Amino acid sequence: MIERSLQALRQALAAREISSVELTQLYLDRIARHDPQLNAFITVDQTRSLAQARAADEQLARGEAGPLTGIPIAHKDIFCTRGWLTTCGSKILGNFVSPYDAAVIARFAAAGAVLLGKTNMDEFAMGSSNETSFYGPVKNPWDASCVPGGSSGGSAAAVAARLAPAATGTDTGGSIRQPAALCNLTGMKPTYGVVSRYGMIAFASSLDQAGPLARSAADCALLLNTMAGFDERDSTSLDRPLEDYSRELNVPPGDKPLAGLRIGLPDEFFGEGCSPEVMRLVEAAIADYRQLGAETVAISLPSTHLSVAAYYVIAPAEASSNLARFDGVRYGYRAPQYQDLNDLYSKTRAQGFGAEVKRRILIGTYVLSHGYYDAYYLQAQRIRRLIADDFAKAFRQCDVIVGPTSPSTAFKLGEKAADPVQMYLSDIYTIAVNLAGLPAISIPCGFAGGLPAGLQLIGDYFTETRLLNVAHRYQQTSSWHLQQPGGFA
């Protein structure tokens with residue numbers, strides 16, 4: 001049962017082959033058995049989950065099933081969830097029980113999904129390895145001595161180890177796609193504004209976007225159907241007609257299912273910086289796409305080499321503003337001893353935030369300060385515009401842009417912890433997508449040294465359906481996404 005797709009699980013539930021209670025208990029048992037070695041979950045509440053499963057079984061019995069009724073889904077602990085501990089991986093929210101549901105949580109509940117648990121993450125989504133969490137690092141199921149990627153590493157590890165059939169994540173600079181690549185999953189970052197950010201604890205508001213993590217593009221399409229939609233409570237939510245993101249997946253493939261598709265290969269993605277082993281796998285996947293009928297064209301994204309520098313000005317600047325609300329006055333952790341209000345603020349934040357969060361708050365405050373705003377923040381925003389313009393020009397020559405997701409396979413725990421710059425470069429291929437607000441998906445494309453690698457597909461605005469179809473056609477002819485790590489039977 002744990003190897004079945006979401007569609008297959010829907011069919012099994014509808015046919016009464018298994019009940020939602022039985023399916024949920026199956027995953028809860030697997031979490032109890034395997035999560036101690038992975039640390040993928042922060043909060044699991046068996047009583048609440050099974051109560052939702054019983055309600056789902058009653059819906060199924062009445063013939064009132066929604067698209068995901070009875071299917072257990074894990075959620076990144078960045079989404080406020082009514083009655084559940086919502087920590088964002090931080091000590092400062094270690095006692096925060098949300099009084100309301102984030103839009104993403106509410107949409108899954110309306111679709112009938114069972115909330116399986118809240119997954120571990122880099123503190124306030126700041127990290128590329130899931131080592132900054134107050135609750136300890138997450139381990140990669142393919143090699144427990146390696147990182148799973150971040151910041152959605154808990155969600156990725158849970159799905160890869162079959163502790164959940166699918167999960168949600170968030171992507172600010174690659175935080176869905178990079179852990180998907182490192183854990184042999186499919187992970188999608190939608191166009192900015194397609195999924196509501198209401199109730200998603202903010203890191204960098206102009207970059208954050210929620211998306212799905214699953215084993216296949218077909219599963220991601222079903223999840224995105226549930227997640228996407230206009231929300232008037234989010235000022236950045238886009239009021240667009242709803243669409244079925246899986247509508248192209250059921251079309252018979254034919255001999256050349258991607259005939260006429262133009263794949264852009266940026267010079268900047270195929271130079272130095274990527275490990276030779278990963279690059280060989282990426283090039284093999286591109287060759288497979290040619291066999292499927294796609295043609296490749298050379299393109300250039302000349303400003304993308306500035307993306308990491310621009311991102312690490314803009315994201316910390318926004319973080320320094322967003323995290324100012326955590327002061328020990330209204331909710332969350334409060335320092336036990338203080339002299340006055342200023343002392344309360346400083347001690348609460350000093351004790352409640354981890355080192356990486358403090359680093360980014362300080363950087364953000366600096367670049368927004370008088371005398372430095374024009375030199376750093378405004379300049380970074382200009383570079384952001386150049387990056388978006390580069391993509392706009394490229395999409396006049398091609399339909400999809402392809403390259404590596406991450407420059408390497410999973411690295412060892414602690415390997416980059418003392419060198420923030422090397423850690424930040426883990427997202428060198430993903431950050432530009434967030435700066436431009438584009439959709440992108442990472443899919444498995446092979447293994448190097450026993451560890452998975454990912455292929456990134458980038459699309460123009462609102463082309464999620466095309467990206468999912470392009471990913472799906474590759475997965476119809478390959479089996480990389482079906483591989484699972486050993487030791488989790």
# chains A, B, ... in the order shown; residues from 1 in each chain; ligands from 1
>>> residues_around(residues="stretch 179-185 of chain A", least_positions_apart="5", cutoff="8 Å", atoms="only C-alpha atoms", output="number ranges by chain")
A: 140-142, 148-153, 156-157, 159-160, 213-216, 405-406, 409-410, 442-444, 451-455, 480-481, 483
>>> residues_around(residues="A:Asn95", least_positions_apart="2", cutoff="8 Å", atoms="only C-alpha atoms", output="MDAnalysis selection string")
chainID A and resid 85 87 92:93 97 332:333
>>> write_last_selection(atoms="N, CA and C atoms", output="CSV table (one decimal), in the first residue's frame")
chain,number,residue,atom,x,y,z
A,85,LEU,N,0.4,22.3,17.6
A,85,LEU,CA,1.7,23.0,17.8
A,85,LEU,C,2.2,23.4,16.4
A,87,THR,N,5.5,25.4,15.1
A,87,THR,CA,6.8,25.9,15.6
A,87,THR,C,7.6,26.6,14.6
A,92,ILE,N,11.5,29.9,19.6
A,92,ILE,CA,10.7,31.0,19.9
A,92,ILE,C,9.2,30.8,19.7
A,93,LEU,N,8.9,29.7,18.9
A,93,LEU,CA,7.5,29.3,18.7
A,93,LEU,C,7.2,27.9,19.3
A,97,VAL,N,0.4,27.2,19.9
A,97,VAL,CA,-0.6,26.4,19.3
A,97,VAL,C,-1.5,27.3,18.6
A,332,GLY,N,4.3,32.9,21.9
A,332,GLY,CA,5.6,32.3,21.8
A,332,GLY,C,6.5,32.4,23.0
A,333,TYR,N,7.8,32.1,22.8
A,333,TYR,CA,8.7,32.0,23.9
A,333,TYR,C,8.9,33.4,24.5
>>> select_by_dssp(residues="stretch 135-314 of chain A", states="alpha helix (DSSP H)", output="PDB file with N, CA and C atoms, in the first residue's frame")
ATOM      1  N   GLY A 153      13.108  19.845   4.413  1.00  0.00           N
ATOM      2  CA  GLY A 153      13.753  18.543   4.507  1.00  0.00           C
ATOM      3  C   GLY A 153      12.944  17.511   5.252  1.00  0.00           C
ATOM      4  N   GLY A 154      12.178  17.932   6.255  1.00  0.00           N
ATOM      5  CA  GLY A 154      11.343  16.981   6.986  1.00  0.00           C
ATOM      6  C   GLY A 154      10.271  16.389   6.101  1.00  0.00           C
ATOM      7  N   SER A 155       9.627  17.221   5.302  1.00  0.00           N
ATOM      8  CA  SER A 155       8.601  16.736   4.369  1.00  0.00           C
ATOM      9  C   SER A 155       9.216  15.783   3.352  1.00  0.00           C
ATOM     10  N   ALA A 156      10.395  16.153   2.824  1.00  0.00           N
ATOM     11  CA  ALA A 156      11.049  15.318   1.818  1.00  0.00           C
ATOM     12  C   ALA A 156      11.466  13.973   2.402  1.00  0.00           C
ATOM     13  N   ALA A 157      12.066  13.977   3.582  1.00  0.00           N
ATOM     14  CA  ALA A 157      12.500  12.729   4.204  1.00  0.00           C
ATOM     15  C   ALA A 157      11.318  11.831   4.515  1.00  0.00           C
ATOM     16  N   ALA A 158      10.214  12.423   4.973  1.00  0.00           N
ATOM     17  CA  ALA A 158       9.025  11.641   5.320  1.00  0.00           C
ATOM     18  C   ALA A 158       8.455  10.932   4.100  1.00  0.00           C
ATOM     19  N   VAL A 159       8.359  11.626   2.977  1.00  0.00           N
ATOM     20  CA  VAL A 159       7.803  11.013   1.765  1.00  0.00           C
ATOM     21  C   VAL A 159       8.780   9.992   1.184  1.00  0.00           C
ATOM     22  N   ALA A 160      10.077  10.313   1.188  1.00  0.00           N
ATOM     23  CA  ALA A 160      11.070   9.390   0.628  1.00  0.00           C
ATOM     24  C   ALA A 160      11.110   8.072   1.392  1.00  0.00           C
ATOM     25  N   ARG A 177      12.376  22.279  -4.138  1.00  0.00           N
ATOM     26  CA  ARG A 177      13.061  21.583  -5.232  1.00  0.00           C
ATOM     27  C   ARG A 177      14.377  20.940  -4.798  1.00  0.00           C
ATOM     28  N   GLN A 178      15.155  21.637  -3.962  1.00  0.00           N
ATOM     29  CA  GLN A 178      16.445  21.077  -3.558  1.00  0.00           C
ATOM     30  C   GLN A 178      16.290  19.822  -2.698  1.00  0.00           C
ATOM     31  N   PRO A 179      15.436  19.815  -1.656  1.00  0.00           N
ATOM     32  CA  PRO A 179      15.241  18.554  -0.927  1.00  0.00           C
ATOM     33  C   PRO A 179      14.594  17.463  -1.775  1.00  0.00           C
ATOM     34  N   ALA A 180      13.759  17.841  -2.746  1.00  0.00           N
ATOM     35  CA  ALA A 180      13.205  16.836  -3.659  1.00  0.00           C
ATOM     36  C   ALA A 180      14.335  16.162  -4.430  1.00  0.00           C
ATOM     37  N   ALA A 181      15.281  16.961  -4.908  1.00  0.00           N
ATOM     38  CA  ALA A 181      16.407  16.401  -5.660  1.00  0.00           C
ATOM     39  C   ALA A 181      17.266  15.496  -4.793  1.00  0.00           C
ATOM     40  N   LEU A 182      17.519  15.902  -3.559  1.00  0.00           N
ATOM     41  CA  LEU A 182      18.410  15.154  -2.679  1.00  0.00           C
ATOM     42  C   LEU A 182      17.760  13.904  -2.084  1.00  0.00           C
ATOM     43  N   CYS A 183      16.413  13.831  -2.176  1.00  0.00           N
ATOM     44  CA  CYS A 183      15.699  12.679  -1.602  1.00  0.00           C
ATOM     45  C   CYS A 183      14.969  11.843  -2.649  1.00  0.00           C
ATOM     46  N   ALA A 217       5.104  13.352 -10.704  1.00  0.00           N
ATOM     47  CA  ALA A 217       4.437  14.554 -11.203  1.00  0.00           C
ATOM     48  C   ALA A 217       2.923  14.409 -11.142  1.00  0.00           C
ATOM     49  N   ALA A 218       2.421  13.198 -11.395  1.00  0.00           N
ATOM     50  CA  ALA A 218       0.974  12.973 -11.340  1.00  0.00           C
ATOM     51  C   ALA A 218       0.442  13.239  -9.940  1.00  0.00           C
ATOM     52  N   ASP A 219       1.181  12.798  -8.911  1.00  0.00           N
ATOM     53  CA  ASP A 219       0.759  13.066  -7.540  1.00  0.00           C
ATOM     54  C   ASP A 219       0.835  14.551  -7.219  1.00  0.00           C
ATOM     55  N   CYS A 220       1.884  15.227  -7.701  1.00  0.00           N
ATOM     56  CA  CYS A 220       2.009  16.666  -7.467  1.00  0.00           C
ATOM     57  C   CYS A 220       0.847  17.434  -8.101  1.00  0.00           C
ATOM     58  N   ALA A 221       0.390  16.972  -9.263  1.00  0.00           N
ATOM     59  CA  ALA A 221      -0.733  17.637  -9.926  1.00  0.00           C
ATOM     60  C   ALA A 221      -1.996  17.550  -9.075  1.00  0.00           C
ATOM     61  N   LEU A 222      -2.254  16.377  -8.490  1.00  0.00           N
ATOM     62  CA  LEU A 222      -3.426  16.229  -7.621  1.00  0.00           C
ATOM     63  C   LEU A 222      -3.327  17.133  -6.397  1.00  0.00           C
ATOM     64  N   LEU A 223      -2.128  17.229  -5.822  1.00  0.00           N
ATOM     65  CA  LEU A 223      -1.943  18.087  -4.655  1.00  0.00           C
ATOM     66  C   LEU A 223      -2.113  19.561  -5.023  1.00  0.00           C
ATOM     67  N   LEU A 224      -1.557  19.957  -6.165  1.00  0.00           N
ATOM     68  CA  LEU A 224      -1.668  21.359  -6.578  1.00  0.00           C
ATOM     69  C   LEU A 224      -3.112  21.726  -6.887  1.00  0.00           C
ATOM     70  N   ASN A 225      -3.879  20.785  -7.405  1.00  0.00           N
ATOM     71  CA  ASN A 225      -5.312  21.045  -7.622  1.00  0.00           C
ATOM     72  C   ASN A 225      -5.993  21.464  -6.323  1.00  0.00           C
ATOM     73  N   THR A 226      -5.554  20.889  -5.225  1.00  0.00           N
ATOM     74  CA  THR A 226      -6.140  21.217  -3.923  1.00  0.00           C
ATOM     75  C   THR A 226      -5.576  22.518  -3.376  1.00  0.00           C
ATOM     76  N   MET A 227      -4.282  22.747  -3.537  1.00  0.00           N
ATOM     77  CA  MET A 227      -3.620  23.892  -2.915  1.00  0.00           C
ATOM     78  C   MET A 227      -3.918  25.223  -3.607  1.00  0.00           C
ATOM     79  N   PRO A 276      30.607  16.688 -11.812  1.00  0.00           N
ATOM     80  CA  PRO A 276      30.566  15.948 -13.081  1.00  0.00           C
ATOM     81  C   PRO A 276      29.559  14.797 -13.056  1.00  0.00           C
ATOM     82  N   GLU A 277      29.417  14.140 -11.906  1.00  0.00           N
ATOM     83  CA  GLU A 277      28.485  13.004 -11.809  1.00  0.00           C
ATOM     84  C   GLU A 277      27.047  13.464 -12.003  1.00  0.00           C
ATOM     85  N   VAL A 278      26.677  14.573 -11.351  1.00  0.00           N
ATOM     86  CA  VAL A 278      25.320  15.104 -11.502  1.00  0.00           C
ATOM     87  C   VAL A 278      25.105  15.591 -12.932  1.00  0.00           C
ATOM     88  N   MET A 279      26.104  16.256 -13.504  1.00  0.00           N
ATOM     89  CA  MET A 279      25.952  16.776 -14.858  1.00  0.00           C
ATOM     90  C   MET A 279      25.756  15.646 -15.865  1.00  0.00           C
ATOM     91  N   ARG A 280      26.431  14.530 -15.675  1.00  0.00           N
ATOM     92  CA  ARG A 280      26.235  13.387 -16.589  1.00  0.00           C
ATOM     93  C   ARG A 280      24.796  12.884 -16.535  1.00  0.00           C
ATOM     94  N   LEU A 281      24.218  12.850 -15.356  1.00  0.00           N
ATOM     95  CA  LEU A 281      22.832  12.406 -15.218  1.00  0.00           C
ATOM     96  C   LEU A 281      21.869  13.397 -15.861  1.00  0.00           C
ATOM     97  N   VAL A 282      22.144  14.675 -15.696  1.00  0.00           N
ATOM     98  CA  VAL A 282      21.302  15.717 -16.308  1.00  0.00           C
ATOM     99  C   VAL A 282      21.366  15.609 -17.829  1.00  0.00           C
ATOM    100  N   GLU A 283      22.556  15.442 -18.363  1.00  0.00           N
ATOM    101  CA  GLU A 283      22.698  15.336 -19.820  1.00  0.00           C
ATOM    102  C   GLU A 283      22.030  14.069 -20.360  1.00  0.00           C
ATOM    103  N   ALA A 284      22.070  12.985 -19.587  1.00  0.00           N
ATOM    104  CA  ALA A 284      21.378  11.754 -20.005  1.00  0.00           C
ATOM    105  C   ALA A 284      19.874  11.974 -20.034  1.00  0.00           C
ATOM    106  N   ALA A 285      19.352  12.715 -19.068  1.00  0.00           N
ATOM    107  CA  ALA A 285      17.916  13.010 -19.055  1.00  0.00           C
ATOM    108  C   ALA A 285      17.524  13.885 -20.236  1.00  0.00           C
ATOM    109  N   ILE A 286      18.375  14.827 -20.570  1.00  0.00           N
ATOM    110  CA  ILE A 286      18.106  15.675 -21.742  1.00  0.00           C
ATOM    111  C   ILE A 286      18.077  14.827 -23.010  1.00  0.00           C
ATOM    112  N   ALA A 287      18.981  13.872 -23.109  1.00  0.00           N
ATOM    113  CA  ALA A 287      18.974  12.963 -24.260  1.00  0.00           C
ATOM    114  C   ALA A 287      17.668  12.173 -24.312  1.00  0.00           C
ATOM    115  N   ASP A 288      17.164  11.773 -23.165  1.00  0.00           N
ATOM    116  CA  ASP A 288      15.876  11.064 -23.123  1.00  0.00           C
ATOM    117  C   ASP A 288      14.748  11.968 -23.617  1.00  0.00           C
ATOM    118  N   TYR A 289      14.819  13.240 -23.264  1.00  0.00           N
ATOM    119  CA  TYR A 289      13.790  14.178 -23.739  1.00  0.00           C
ATOM    120  C   TYR A 289      13.837  14.328 -25.259  1.00  0.00           C
ATOM    121  N   ARG A 290      15.019  14.282 -25.815  1.00  0.00           N
ATOM    122  CA  ARG A 290      15.115  14.331 -27.288  1.00  0.00           C
ATOM    123  C   ARG A 290      14.437  13.098 -27.894  1.00  0.00           C
ATOM    124  N   GLN A 291      14.600  11.951 -27.247  1.00  0.00           N
ATOM    125  CA  GLN A 291      13.941  10.737 -27.724  1.00  0.00           C
ATOM    126  C   GLN A 291      12.421  10.852 -27.655  1.00  0.00           C
ATOM    127  N   SER A 307      22.275  36.045  -8.906  1.00  0.00           N
ATOM    128  CA  SER A 307      21.057  35.729  -8.170  1.00  0.00           C
ATOM    129  C   SER A 307      21.300  35.446  -6.695  1.00  0.00           C
ATOM    130  N   VAL A 308      22.375  34.713  -6.382  1.00  0.00           N
ATOM    131  CA  VAL A 308      22.643  34.387  -4.975  1.00  0.00           C
ATOM    132  C   VAL A 308      22.920  35.662  -4.185  1.00  0.00           C
ATOM    133  N   ALA A 309      23.730  36.547  -4.748  1.00  0.00           N
ATOM    134  CA  ALA A 309      24.050  37.800  -4.057  1.00  0.00           C
ATOM    135  C   ALA A 309      22.796  38.654  -3.863  1.00  0.00           C
ATOM    136  N   ALA A 310      21.965  38.764  -4.886  1.00  0.00           N
ATOM    137  CA  ALA A 310      20.744  39.566  -4.776  1.00  0.00           C
ATOM    138  C   ALA A 310      19.782  38.959  -3.767  1.00  0.00           C
ATOM    139  N   TYR A 311      19.663  37.628  -3.819  1.00  0.00           N
ATOM    140  CA  TYR A 311      18.750  36.939  -2.905  1.00  0.00           C
ATOM    141  C   TYR A 311      19.141  37.170  -1.455  1.00  0.00           C
ATOM    142  N   TYR A 312      20.441  37.093  -1.154  1.00  0.00           N
ATOM    143  CA  TYR A 312      20.881  37.224   0.229  1.00  0.00           C
ATOM    144  C   TYR A 312      21.012  38.680   0.682  1.00  0.00           C
ATOM    145  N   VAL A 313      20.472  39.589  -0.105  1.00  0.00           N
ATOM    146  CA  VAL A 313      20.165  40.938   0.347  1.00  0.00           C
ATOM    147  C   VAL A 313      18.656  41.070   0.549  1.00  0.00           C
ATOM    148  N   ILE A 314      17.885  40.643  -0.462  1.00  0.00           N
ATOM    149  CA  ILE A 314      16.428  40.822  -0.411  1.00  0.00           C
ATOM    150  C   ILE A 314      15.781  39.951   0.656  1.00  0.00           C
TER     151      ILE A 314
END
>>> closest_residue(among="A:Val104, A:Leu438, A:Leu115, A:Met1", to="A:Thr43", atoms="only C-alpha atoms")
A:Leu115
>>> closest_residue(among="A:Leu292, A:Ala164, A:Ala113, A:Val297", to="A:Leu265", atoms="only C-alpha atoms")
A:Val297
>>> closest_residue(among="A:Glu272, A:Asp101, A:Asp35, A:Glu64", to="A:Val138", atoms="only C-alpha atoms")
A:Asp35
>>> closest_atom_pairs(of="stretch 181-277 of chain A", to="stretch 119-126 of chain A", cutoff="8 Å", atoms="only C-alpha atoms", output="Markdown table")
| residue | atom | partner | partner_atom | distance |
| --- | --- | --- | --- | --- |
| A:Ile201 | CA | A:Phe124 | CA | 7.7 |
| A:Ala202 | CA | A:Phe124 | CA | 7.8 |
| A:Phe203 | CA | A:Phe124 | CA | 6.2 |
>>> write_last_selection(atoms="C-alpha atoms", output="PDB file, in the first residue's frame")
ATOM      1  CA  ILE A 201       4.580  31.944   8.674  1.00  0.00           C
ATOM      2  CA  ALA A 202       6.512  34.495   6.639  1.00  0.00           C
ATOM      3  CA  PHE A 203      10.237  34.459   5.950  1.00  0.00           C
TER       4      PHE A 203
END
>>> residues_around(residues="A:Ala392", least_positions_apart="4", cutoff="8 Å", atoms="only C-alpha atoms", output="list in words")
Ala388, Arg396 and Asp460 of chain A
>>> closest_residue(among="A:Tyr192, A:Trp84, A:Tyr377, A:Phe391", to="A:Gly437", atoms="only C-alpha atoms")
A:Tyr192
>>> closest_residue(among="A:Gln46, A:Thr191, A:Ser145, A:Asn130", to="A:Lys412", atoms="only C-alpha atoms")
A:Ser145
>>> residues_around(residues="A:Val21", least_positions_apart="3", cutoff="6 Å", atoms="only C-alpha atoms", output="list in words")
Thr24, Gln25, Leu50, Ala53 and Arg54 of chain A
>>> write_last_selection(atoms="N, CA and C atoms", output="PDB file, in the first residue's frame")
ATOM      1  N   THR A  24      -4.312   5.412   7.647  1.00  0.00           N
ATOM      2  CA  THR A  24      -3.670   6.378   8.543  1.00  0.00           C
ATOM      3  C   THR A  24      -2.865   5.666   9.620  1.00  0.00           C
ATOM      4  N   GLN A  25      -3.431   4.598  10.185  1.00  0.00           N
ATOM      5  CA  GLN A  25      -2.718   3.845  11.215  1.00  0.00           C
ATOM      6  C   GLN A  25      -1.451   3.208  10.648  1.00  0.00           C
ATOM      7  N   LEU A  50      -6.467  10.048  13.688  1.00  0.00           N
ATOM      8  CA  LEU A  50      -7.423   8.947  13.550  1.00  0.00           C
ATOM      9  C   LEU A  50      -8.863   9.441  13.614  1.00  0.00           C
ATOM     10  N   ALA A  53      -9.558  10.539  10.235  1.00  0.00           N
ATOM     11  CA  ALA A  53      -9.705   9.368   9.366  1.00  0.00           C
ATOM     12  C   ALA A  53     -11.076   8.737   9.527  1.00  0.00           C
ATOM     13  N   ARG A  54     -11.575   8.666  10.758  1.00  0.00           N
ATOM     14  CA  ARG A  54     -12.926   8.110  10.965  1.00  0.00           C
ATOM     15  C   ARG A  54     -13.975   8.980  10.287  1.00  0.00           C
TER      16      ARG A  54
END
>>> closest_residue(among="A:Asp239, A:Ile428, A:Phe108, A:Pro439", to="A:Phe462", atoms="only C-alpha atoms")
A:Pro439
>>> closest_atom_pairs(of="stretch 364-447 of chain A", to="stretch 244-261 of chain A", cutoff="12 Å", atoms="only C-alpha atoms", output="CSV")
residue,atom,partner,partner_atom,distance
A:Phe395,CA,A:Leu261,CA,12.0
A:Gln397,CA,A:Leu261,CA,11.0
A:Cys398,CA,A:Leu261,CA,7.9
A:Asp399,CA,A:Leu261,CA,6.5
A:Val400,CA,A:Leu261,CA,7.9
A:Ile401,CA,A:Leu261,CA,10.8
>>> residues_around(residues="A:Pro99", least_positions_apart="3", cutoff="8 Å", atoms="only C-alpha atoms", output="list in words")
Thr81, Arg82 and Gly83 of chain A
>>> select_by_dssp(residues="stretch 113-341 of chain A", states="strand (DSSP E or B)", output="PyMOL selection string")
chain A and resi 114-119+140+143+146+167-170+186-189+195+200+210-214+228+262-266+295-299
>>> atom_distance(atom1="atom CA of A:Leu341", atom2="atom CA of A:Gly328")
9.7 Å
>>> residues_around(residues="A:Leu386", least_positions_apart="2", cutoff="12 Å", atoms="only C-alpha atoms", output="mmCIF file with N, CA and C atoms, in the first residue's frame")
data_model
loop_
_atom_site.group_PDB
_atom_site.id
_atom_site.type_symbol
_atom_site.label_atom_id
_atom_site.label_comp_id
_atom_site.auth_asym_id
_atom_site.auth_seq_id
_atom_site.Cartn_x
_atom_site.Cartn_y
_atom_site.Cartn_z
ATOM 1 N N LEU A 301 21.127 33.140 -19.803
ATOM 2 C CA LEU A 301 20.517 33.883 -18.691
ATOM 3 C C LEU A 301 21.653 34.671 -18.028
ATOM 4 N N PRO A 302 22.096 35.749 -18.662
ATOM 5 C CA PRO A 302 23.355 36.393 -18.276
ATOM 6 C C PRO A 302 23.395 36.984 -16.879
ATOM 7 N N SER A 303 22.243 37.272 -16.291
ATOM 8 C CA SER A 303 22.249 37.893 -14.960
ATOM 9 C C SER A 303 22.101 36.895 -13.821
ATOM 10 N N THR A 304 21.907 35.613 -14.148
ATOM 11 C CA THR A 304 21.632 34.653 -13.074
ATOM 12 C C THR A 304 22.828 34.442 -12.145
ATOM 13 N N HIS A 305 24.043 34.762 -12.619
ATOM 14 C CA HIS A 305 25.196 34.589 -11.721
ATOM 15 C C HIS A 305 25.144 35.559 -10.542
ATOM 16 N N LEU A 306 24.270 36.559 -10.641
ATOM 17 C CA LEU A 306 24.100 37.525 -9.556
ATOM 18 C C LEU A 306 22.952 37.154 -8.619
ATOM 19 N N SER A 307 22.275 36.045 -8.906
ATOM 20 C CA SER A 307 21.057 35.729 -8.170
ATOM 21 C C SER A 307 21.300 35.446 -6.695
ATOM 22 N N ALA A 310 21.965 38.764 -4.886
ATOM 23 C CA ALA A 310 20.744 39.566 -4.776
ATOM 24 C C ALA A 310 19.782 38.959 -3.767
ATOM 25 N N GLN A 379 19.789 48.162 -5.086
ATOM 26 C CA GLN A 379 20.586 47.551 -6.157
ATOM 27 C C GLN A 379 20.172 46.095 -6.379
ATOM 28 N N ALA A 380 19.908 45.371 -5.280
ATOM 29 C CA ALA A 380 19.470 43.978 -5.403
ATOM 30 C C ALA A 380 18.131 43.884 -6.119
ATOM 31 N N GLN A 381 17.246 44.816 -5.870
ATOM 32 C CA GLN A 381 15.949 44.806 -6.556
ATOM 33 C C GLN A 381 16.111 45.093 -8.047
ATOM 34 N N ARG A 382 17.081 45.908 -8.400
ATOM 35 C CA ARG A 382 17.352 46.158 -9.824
ATOM 36 C C ARG A 382 17.877 44.887 -10.500
ATOM 37 N N ILE A 383 18.754 44.174 -9.795
ATOM 38 C CA ILE A 383 19.256 42.902 -10.335
ATOM 39 C C ILE A 383 18.109 41.914 -10.490
ATOM 40 N N ARG A 384 17.209 41.921 -9.536
ATOM 41 C CA ARG A 384 16.033 41.039 -9.621
ATOM 42 C C ARG A 384 15.250 41.302 -10.908
ATOM 43 N N ALA A 388 14.542 38.640 -14.090
ATOM 44 C CA ALA A 388 13.218 38.382 -14.660
ATOM 45 C C ALA A 388 13.199 38.688 -16.158
ATOM 46 N N ASP A 389 13.876 39.751 -16.559
ATOM 47 C CA ASP A 389 13.937 40.096 -17.986
ATOM 48 C C ASP A 389 14.688 39.026 -18.775
ATOM 49 N N ASP A 390 15.754 38.474 -18.181
ATOM 50 C CA ASP A 390 16.491 37.397 -18.853
ATOM 51 C C ASP A 390 15.573 36.206 -19.133
ATOM 52 N N PHE A 391 14.774 35.829 -18.147
ATOM 53 C CA PHE A 391 13.856 34.711 -18.348
ATOM 54 C C PHE A 391 12.813 35.044 -19.417
ATOM 55 N N ALA A 392 12.300 36.272 -19.404
ATOM 56 C CA ALA A 392 11.296 36.668 -20.397
ATOM 57 C C ALA A 392 11.856 36.542 -21.814
ATOM 58 N N LYS A 393 13.106 36.956 -22.004
ATOM 59 C CA LYS A 393 13.740 36.833 -23.324
ATOM 60 C C LYS A 393 13.948 35.364 -23.685
ATOM 61 N N ALA A 432 17.166 31.944 -8.697
ATOM 62 C CA ALA A 432 16.713 32.882 -9.736
ATOM 63 C C ALA A 432 15.234 32.720 -10.031
ATOM 64 N N LEU A 435 13.304 34.701 -7.459
ATOM 65 C CA LEU A 435 13.440 36.143 -7.696
ATOM 66 C C LEU A 435 12.536 36.599 -8.835
ATOM 67 N N ALA A 436 12.349 35.734 -9.838
ATOM 68 C CA ALA A 436 11.483 36.072 -10.976
ATOM 69 C C ALA A 436 10.027 35.695 -10.741
#
>>> residues_around(residues="A:Pro165", least_positions_apart="6", cutoff="9 Å", atoms="only C-alpha atoms", output="number ranges by chain")
A: 2-6, 27, 71-74, 158-159, 214-215
>>> write_last_selection(atoms="N, CA and C atoms", output="short mmCIF file (atom, residue, chain, number, x, y, z; two decimals), in the first residue's frame")
data_model
loop_
_atom_site.label_atom_id
_atom_site.label_comp_id
_atom_site.auth_asym_id
_atom_site.auth_seq_id
_atom_site.Cartn_x
_atom_site.Cartn_y
_atom_site.Cartn_z
N ILE A 2 2.03 1.21 0.67
CA ILE A 2 2.85 2.41 0.78
C ILE A 2 3.51 2.80 -0.54
N GLU A 3 3.48 1.89 -1.52
CA GLU A 3 4.07 2.20 -2.82
C GLU A 3 3.04 2.74 -3.82
N ARG A 4 1.80 2.82 -3.42
CA ARG A 4 0.76 3.25 -4.35
C ARG A 4 0.75 4.77 -4.51
N SER A 5 0.36 5.20 -5.70
CA SER A 5 0.21 6.62 -5.98
C SER A 5 -1.02 7.16 -5.27
N LEU A 6 -1.15 8.48 -5.25
CA LEU A 6 -2.35 9.07 -4.64
C LEU A 6 -3.61 8.63 -5.37
N TYR A 27 0.50 4.45 8.36
CA TYR A 27 1.55 5.47 8.31
C TYR A 27 1.98 5.91 9.71
N ILE A 71 -7.04 10.35 2.59
CA ILE A 71 -5.61 10.17 2.32
C ILE A 71 -4.79 10.99 3.32
N PRO A 72 -3.86 10.36 4.03
CA PRO A 72 -3.04 11.11 4.99
C PRO A 72 -1.98 11.95 4.28
N ILE A 73 -1.86 13.20 4.70
CA ILE A 73 -0.89 14.13 4.13
C ILE A 73 -0.10 14.77 5.28
N ALA A 74 1.21 14.84 5.15
CA ALA A 74 2.05 15.52 6.13
C ALA A 74 2.22 16.98 5.72
N ALA A 158 10.21 12.42 4.97
CA ALA A 158 9.02 11.64 5.32
C ALA A 158 8.45 10.93 4.10
N VAL A 159 8.36 11.63 2.98
CA VAL A 159 7.80 11.01 1.76
C VAL A 159 8.78 9.99 1.18
N ALA A 214 5.99 15.06 -3.61
CA ALA A 214 5.42 13.72 -3.78
C ALA A 214 6.40 12.87 -4.56
N ARG A 215 5.98 11.65 -4.89
CA ARG A 215 6.89 10.76 -5.59
C ARG A 215 6.82 10.93 -7.11
#
